[in-house]
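Notes follow the structure.
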Amino acid sequence: MFARAMARWYFGMQAGAGALWWVGVFTVPGVRQATLGGLDAETIAVFDIPLFVGASALVAAGVRSAVWVAVPWTLLVALGMATYATVTGLGGWGAIAMAAAAFGSIGAGALDRYGRLPSDKLLVGPFAFREADHATSGGYVARTGRQIIVFWGCFLGVLPLVIAVIEARWGVRIAFPLLAAVAGGACFAAGSALGIWSALTMSTRGEGTPLPSASARRLVIAGPYRWVRNPMALAGVVQGVGVGCMLGSWLVVLYALAGSIVWNWLIRPHEESDLRARFGSEFEAYERDVGCWVPRAPRLPRR
């Protein structure tokens, strides 16, 4: 019931925000230009006010079937606005707003439909939790090295560059001071050092790799794991923020911070449930003693 109440609250906020946005579109020329570019506001309003604002308000009022109108329409508009902004370079802030609404609508729609976020559906393929096969220490290190090349190249290289290019094309860049780039480089270096240290500790002490489908066979309480339970996740967030600052992209910084929220709320509970099932009281003691995100002075013996 609480989850569905949260979904209704979200759709109520979305309806209110949508209504205020349309008021701004028709009364403030700057809002119209920044969010719709050269699109015909009157024509779009004929469809969007009932299908976005109205349907969201109905969901908030308890008409659950209206979800099947509000969510698909929001996704359609978000896709259309993103395409328009990419092709023309106009209406970028509207594309940003609708992308945020699309993600929010999907999440709220899932809460309304399932009473929870079905995060278990994300745990497929390489992200399904399985113990690593037996291998030598060198074999684990080699596999971990390949994973780092692929995942860092994708999530800290290709995707941030794509986001930064889109940000520039949509005309939503915000100037960063030079100091931000310097600080970003320092963050990236520190995060990378922590990530490599964590990965090597996992490979040599835990008999596994950072990838969930080849996870450690032993509980690791050594190296950075003595201070914080998820040093690789922490390293990834710091790296991502650093990349965003170096690129001068607030959207990349947001991407990194959003990734930490997704991992913390959707992935971490499953990971810790798996560890609890495999290591029992040993992991429970570790969980009590060592923080998830904030380092603590270690009290547990090395493992």
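Residues in the structure tokens are numbered from 1 in each chain, the chains being A, B, ... in the order shown, and ligands are numbered from 1 in the order shown.
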(request) May I have all residues of region 45-176 of chain A that DSSP, computed from the backbone, assigns to helix (DSSP H, G or I), given as a count of residues only? (result) 104
Closest atom pairs, residues of region 105-200 of chain A within 12 Å of region 48-56 of chain A, only C-alpha atoms, as a tab-separated table:
residue	atom	partner	partner_atom	distance
A:Ser105	CA	A:Ser56	CA	9.2
A:Ala108	CA	A:Ser56	CA	10.7
A:Gly109	CA	A:Ser56	CA	10.5
List every residue of region 41-128 of chain A that has an atom at most 6 Å from any atom of region 167-176 of chain A, and for each one report the closest atom pair and its distance in Å to one decimal, counting only C-alpha atoms, with rows sorted by chain and then by increasing residue number, as CSV.
residue,atom,partner,partner_atom,distance
A:Ala85,CA,A:Trp170,CA,5.5
A:Gly89,CA,A:Trp170,CA,4.9
A:Gly92,CA,A:Trp170,CA,4.3
Would you save the residues of that selection, restricted to N, CA, C and O atoms, as a compact mmCIF listing (two decimals), in the first residue's frame?
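See selection_19.txt below for the written result:
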# COMPACT_ATOMS: atom_id res chain seq x y z
N ALA A 85 15.41 17.54 -30.47
CA ALA A 85 16.55 18.32 -29.97
C ALA A 85 17.85 17.89 -30.63
O ALA A 85 18.72 18.71 -30.90
N GLY A 89 18.89 20.86 -32.59
CA GLY A 89 19.63 21.61 -31.59
C GLY A 89 18.76 22.55 -30.79
O GLY A 89 19.27 23.41 -30.07
N GLY A 92 16.27 21.75 -26.07
CA GLY A 92 17.03 20.80 -25.27
C GLY A 92 16.55 20.65 -23.84
O GLY A 92 16.53 19.55 -23.29
(message) So that I can check the surroundings of Ala183 (chain A), please list as a PyMOL selection string every protein, DNA and RNA residue that reaches within 12 Å of it, counting only C-alpha atoms and ignoring chain neighbours fewer than 5 positions away.
(response) chain A and resi 176-178+188-190+238-239+241-248
The selected residues should be written to file as a compact mmCIF listing (two decimals), in the first residue's frame (atoms: N, CA, C and O atoms).
# COMPACT_ATOMS: atom_id res chain seq x y z
N PHE A 176 31.83 25.13 -16.81
CA PHE A 176 32.53 24.72 -15.60
C PHE A 176 33.81 25.55 -15.48
O PHE A 176 34.47 25.83 -16.47
N PRO A 177 34.20 25.94 -14.27
CA PRO A 177 35.49 26.63 -14.10
C PRO A 177 36.65 25.66 -14.35
O PRO A 177 36.49 24.44 -14.24
N LEU A 178 37.80 26.21 -14.67
CA LEU A 178 38.98 25.39 -14.93
C LEU A 178 39.32 24.53 -13.73
O LEU A 178 39.77 23.38 -13.87
N PHE A 188 39.25 11.35 -10.56
CA PHE A 188 39.36 10.17 -11.43
C PHE A 188 40.58 9.33 -11.05
O PHE A 188 40.50 8.10 -10.99
N ALA A 189 41.71 9.99 -10.77
CA ALA A 189 42.91 9.25 -10.40
C ALA A 189 42.71 8.51 -9.08
O ALA A 189 43.07 7.33 -8.94
N ALA A 190 42.10 9.20 -8.10
CA ALA A 190 41.88 8.57 -6.79
C ALA A 190 40.89 7.42 -6.92
O ALA A 190 41.09 6.33 -6.34
N VAL A 238 33.10 8.03 -7.80
CA VAL A 238 34.13 9.07 -7.80
C VAL A 238 34.73 9.23 -9.19
O VAL A 238 34.94 10.35 -9.67
N GLN A 239 34.98 8.11 -9.87
CA GLN A 239 35.50 8.17 -11.23
C GLN A 239 34.52 8.89 -12.16
O GLN A 239 34.91 9.74 -12.96
N VAL A 241 32.09 11.03 -11.48
CA VAL A 241 32.03 12.47 -11.20
C VAL A 241 33.28 13.15 -11.75
O VAL A 241 33.21 14.25 -12.32
N GLY A 242 34.43 12.50 -11.58
CA GLY A 242 35.68 13.06 -12.10
C GLY A 242 35.65 13.22 -13.61
O GLY A 242 36.06 14.26 -14.15
N VAL A 243 35.15 12.21 -14.32
CA VAL A 243 35.04 12.30 -15.78
C VAL A 243 34.11 13.44 -16.17
O VAL A 243 34.39 14.21 -17.09
N GLY A 244 32.98 13.56 -15.47
CA GLY A 244 32.05 14.65 -15.77
C GLY A 244 32.68 16.01 -15.59
O GLY A 244 32.49 16.91 -16.41
N CYS A 245 33.46 16.18 -14.53
CA CYS A 245 34.12 17.47 -14.30
C CYS A 245 35.19 17.73 -15.36
O CYS A 245 35.35 18.86 -15.83
N MET A 246 35.92 16.69 -15.75
CA MET A 246 36.94 16.88 -16.78
C MET A 246 36.32 17.24 -18.13
O MET A 246 36.88 18.02 -18.90
N LEU A 247 35.16 16.66 -18.41
CA LEU A 247 34.47 16.97 -19.67
C LEU A 247 33.66 18.26 -19.57
O LEU A 247 33.15 18.75 -20.60
N GLY A 248 33.54 18.82 -18.38
CA GLY A 248 32.72 20.01 -18.21
C GLY A 248 31.26 19.74 -18.47
O GLY A 248 30.54 20.57 -19.01
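Contact shell of Ser215 (chain A) at 8 Å (only C-alpha atoms; same-chain neighbours under 2 positions omitted): Phe129, Arg130, Glu131, Ala132, Gly208, Thr209, Pro210, Leu211, Pro212, Ser213 and Arg217 of chain A.
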Those selected residues, please, written with all heavy atoms and delivered as a PDB file, in the first residue's frame.
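The resulting file, part_34.pdb, is shown below:
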ATOM      1  N   PHE A 129      23.845 -13.261 -10.064  1.00  0.00           N
ATOM      2  CA  PHE A 129      24.837 -13.624  -9.057  1.00  0.00           C
ATOM      3  C   PHE A 129      25.142 -15.121  -9.098  1.00  0.00           C
ATOM      4  O   PHE A 129      24.267 -15.961  -8.888  1.00  0.00           O
ATOM      5  CB  PHE A 129      24.340 -13.222  -7.666  1.00  0.00           C
ATOM      6  CG  PHE A 129      24.305 -11.738  -7.461  1.00  0.00           C
ATOM      7  CD1 PHE A 129      23.115 -11.041  -7.525  1.00  0.00           C
ATOM      8  CD2 PHE A 129      25.482 -11.040  -7.226  1.00  0.00           C
ATOM      9  CE1 PHE A 129      23.086  -9.666  -7.349  1.00  0.00           C
ATOM     10  CE2 PHE A 129      25.468  -9.664  -7.044  1.00  0.00           C
ATOM     11  CZ  PHE A 129      24.268  -8.983  -7.116  1.00  0.00           C
ATOM     12  N   ARG A 130      26.407 -15.423  -9.384  1.00  0.00           N
ATOM     13  CA  ARG A 130      26.904 -16.807  -9.388  1.00  0.00           C
ATOM     14  C   ARG A 130      28.350 -16.801  -8.922  1.00  0.00           C
ATOM     15  O   ARG A 130      29.099 -15.869  -9.220  1.00  0.00           O
ATOM     16  CB  ARG A 130      26.817 -17.425 -10.791  1.00  0.00           C
ATOM     17  CG  ARG A 130      25.406 -17.679 -11.289  1.00  0.00           C
ATOM     18  CD  ARG A 130      25.426 -18.446 -12.604  1.00  0.00           C
ATOM     19  NE  ARG A 130      26.049 -17.660 -13.652  1.00  0.00           N
ATOM     20  CZ  ARG A 130      25.394 -16.791 -14.430  1.00  0.00           C
ATOM     21  NH1 ARG A 130      24.096 -16.592 -14.252  1.00  0.00           N
ATOM     22  NH2 ARG A 130      26.022 -16.123 -15.372  1.00  0.00           N
ATOM     23  N   GLU A 131      28.734 -17.853  -8.213  1.00  0.00           N
ATOM     24  CA  GLU A 131      30.129 -17.971  -7.791  1.00  0.00           C
ATOM     25  C   GLU A 131      31.027 -18.210  -8.993  1.00  0.00           C
ATOM     26  O   GLU A 131      30.642 -18.873  -9.956  1.00  0.00           O
ATOM     27  CB  GLU A 131      30.301 -19.136  -6.818  1.00  0.00           C
ATOM     28  CG  GLU A 131      30.128 -18.762  -5.379  1.00  0.00           C
ATOM     29  CD  GLU A 131      30.603 -19.864  -4.445  1.00  0.00           C
ATOM     30  OE1 GLU A 131      31.001 -20.948  -4.937  1.00  0.00           O
ATOM     31  OE2 GLU A 131      30.556 -19.651  -3.223  1.00  0.00           O
ATOM     32  N   ALA A 132      32.232 -17.676  -8.924  1.00  0.00           N
ATOM     33  CA  ALA A 132      33.208 -17.892  -9.985  1.00  0.00           C
ATOM     34  C   ALA A 132      33.636 -19.350 -10.030  1.00  0.00           C
ATOM     35  O   ALA A 132      33.659 -20.042  -9.010  1.00  0.00           O
ATOM     36  CB  ALA A 132      34.422 -16.997  -9.751  1.00  0.00           C
ATOM     37  N   GLY A 208      37.700 -14.673  -7.047  1.00  0.00           N
ATOM     38  CA  GLY A 208      36.603 -14.300  -7.923  1.00  0.00           C
ATOM     39  C   GLY A 208      36.901 -13.007  -8.643  1.00  0.00           C
ATOM     40  O   GLY A 208      38.047 -12.538  -8.662  1.00  0.00           O
ATOM     41  N   THR A 209      35.879 -12.415  -9.225  1.00  0.00           N
ATOM     42  CA  THR A 209      36.028 -11.175  -9.977  1.00  0.00           C
ATOM     43  C   THR A 209      34.939 -10.188  -9.534  1.00  0.00           C
ATOM     44  O   THR A 209      33.989 -10.584  -8.854  1.00  0.00           O
ATOM     45  CB  THR A 209      35.885 -11.427 -11.491  1.00  0.00           C
ATOM     46  OG1 THR A 209      34.500 -11.607 -11.824  1.00  0.00           O
ATOM     47  CG2 THR A 209      36.681 -12.656 -11.934  1.00  0.00           C
ATOM     48  N   PRO A 210      35.040  -8.936  -9.942  1.00  0.00           N
ATOM     49  CA  PRO A 210      33.984  -7.979  -9.587  1.00  0.00           C
ATOM     50  C   PRO A 210      32.650  -8.249 -10.271  1.00  0.00           C
ATOM     51  O   PRO A 210      31.615  -7.766  -9.801  1.00  0.00           O
ATOM     52  CB  PRO A 210      34.567  -6.631 -10.067  1.00  0.00           C
ATOM     53  CG  PRO A 210      36.040  -6.841 -10.128  1.00  0.00           C
ATOM     54  CD  PRO A 210      36.212  -8.269 -10.532  1.00  0.00           C
ATOM     55  N   LEU A 211      32.641  -8.999 -11.378  1.00  0.00           N
ATOM     56  CA  LEU A 211      31.398  -9.248 -12.103  1.00  0.00           C
ATOM     57  C   LEU A 211      30.504 -10.181 -11.302  1.00  0.00           C
ATOM     58  O   LEU A 211      30.961 -11.227 -10.816  1.00  0.00           O
ATOM     59  CB  LEU A 211      31.708  -9.868 -13.470  1.00  0.00           C
ATOM     60  CG  LEU A 211      30.606  -9.791 -14.529  1.00  0.00           C
ATOM     61  CD1 LEU A 211      30.341  -8.349 -14.913  1.00  0.00           C
ATOM     62  CD2 LEU A 211      31.002 -10.597 -15.763  1.00  0.00           C
ATOM     63  N   PRO A 212      29.212  -9.855 -11.146  1.00  0.00           N
ATOM     64  CA  PRO A 212      28.323 -10.706 -10.330  1.00  0.00           C
ATOM     65  C   PRO A 212      28.280 -12.164 -10.774  1.00  0.00           C
ATOM     66  O   PRO A 212      28.184 -13.062  -9.938  1.00  0.00           O
ATOM     67  CB  PRO A 212      26.951 -10.039 -10.506  1.00  0.00           C
ATOM     68  CG  PRO A 212      27.270  -8.607 -10.767  1.00  0.00           C
ATOM     69  CD  PRO A 212      28.533  -8.628 -11.587  1.00  0.00           C
ATOM     70  N   SER A 213      28.356 -12.410 -12.088  1.00  0.00           N
ATOM     71  CA  SER A 213      28.257 -13.780 -12.576  1.00  0.00           C
ATOM     72  C   SER A 213      29.524 -14.592 -12.310  1.00  0.00           C
ATOM     73  O   SER A 213      29.551 -15.793 -12.586  1.00  0.00           O
ATOM     74  CB  SER A 213      27.949 -13.787 -14.075  1.00  0.00           C
ATOM     75  OG  SER A 213      28.968 -13.122 -14.792  1.00  0.00           O
ATOM     76  N   ARG A 217      34.447 -16.358  -4.256  1.00  0.00           N
ATOM     77  CA  ARG A 217      34.094 -17.597  -3.572  1.00  0.00           C
ATOM     78  C   ARG A 217      34.309 -17.465  -2.064  1.00  0.00           C
ATOM     79  O   ARG A 217      33.796 -18.270  -1.303  1.00  0.00           O
ATOM     80  CB  ARG A 217      34.948 -18.749  -4.119  1.00  0.00           C
ATOM     81  CG  ARG A 217      34.801 -18.951  -5.621  1.00  0.00           C
ATOM     82  CD  ARG A 217      35.807 -19.980  -6.141  1.00  0.00           C
ATOM     83  NE  ARG A 217      35.589 -21.272  -5.533  1.00  0.00           N
ATOM     84  CZ  ARG A 217      34.709 -22.176  -5.970  1.00  0.00           C
ATOM     85  NH1 ARG A 217      33.964 -21.902  -7.039  1.00  0.00           N
ATOM     86  NH2 ARG A 217      34.567 -23.324  -5.365  1.00  0.00           N
TER      87      ARG A 217
END
(request) Skip region 223-237 of chain A itself and residues of its chain fewer than 5 positions away, then list as a ChimeraX atom specification all residues within 10 Å of it, counting only C-alpha atoms. (result) /A:152,155-156,187-202,205,210,242-243,253,255-261,263-264,268,286-287,289-303
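Going from CA of Pro126 (chain A) over to CA of Leu159 (chain A), you cover 19.0 Å.
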(message) Show me, as a VMD selection string, the residues that have an atom within 10 Å of His270 (chain A) when counting only C-alpha atoms, minus same-chain residues fewer than 6 positions from it.
(response) chain A and resid 119 to 120 123 128 to 129 276
(request) Would you mind reading off the distance between CA of Ile221 (chain A) and CA of Ala285 (chain A), one decimal, in Å? (result) 11.1 Å
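Every protein or nucleic acid residue with an atom no more than 10 Å from Ala61 (chain A), counting only C-alpha atoms and leaving out same-chain residues fewer than 6 positions away, appears here: Arg8, Trp9, Phe11, Gly12 and Ala55 of chain A.
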(request) Give the answer as one residue: which of A:Leu58, A:Ser203, A:Val63, A:Ser273 has the shortest atom-to-atom distance to Gly138 (chain A), using only C-alpha atoms? (result) A:Ser203
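Take CA of Leu275 (chain A) and CA of Gly107 (chain A): the distance between them is 26.5 Å.
Shortest atom-to-atom contact with Ala82 (chain A) among A:Val220, A:Ala99, A:Ala180, A:Ala17: A:Ala99, counting only C-alpha atoms.
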(request) Using only C-alpha atoms, find the one residue out of A:Arg32, A:Arg146, A:Ala100, A:Trp250 that sits nearest to Val165 (chain A). (result) A:Trp250
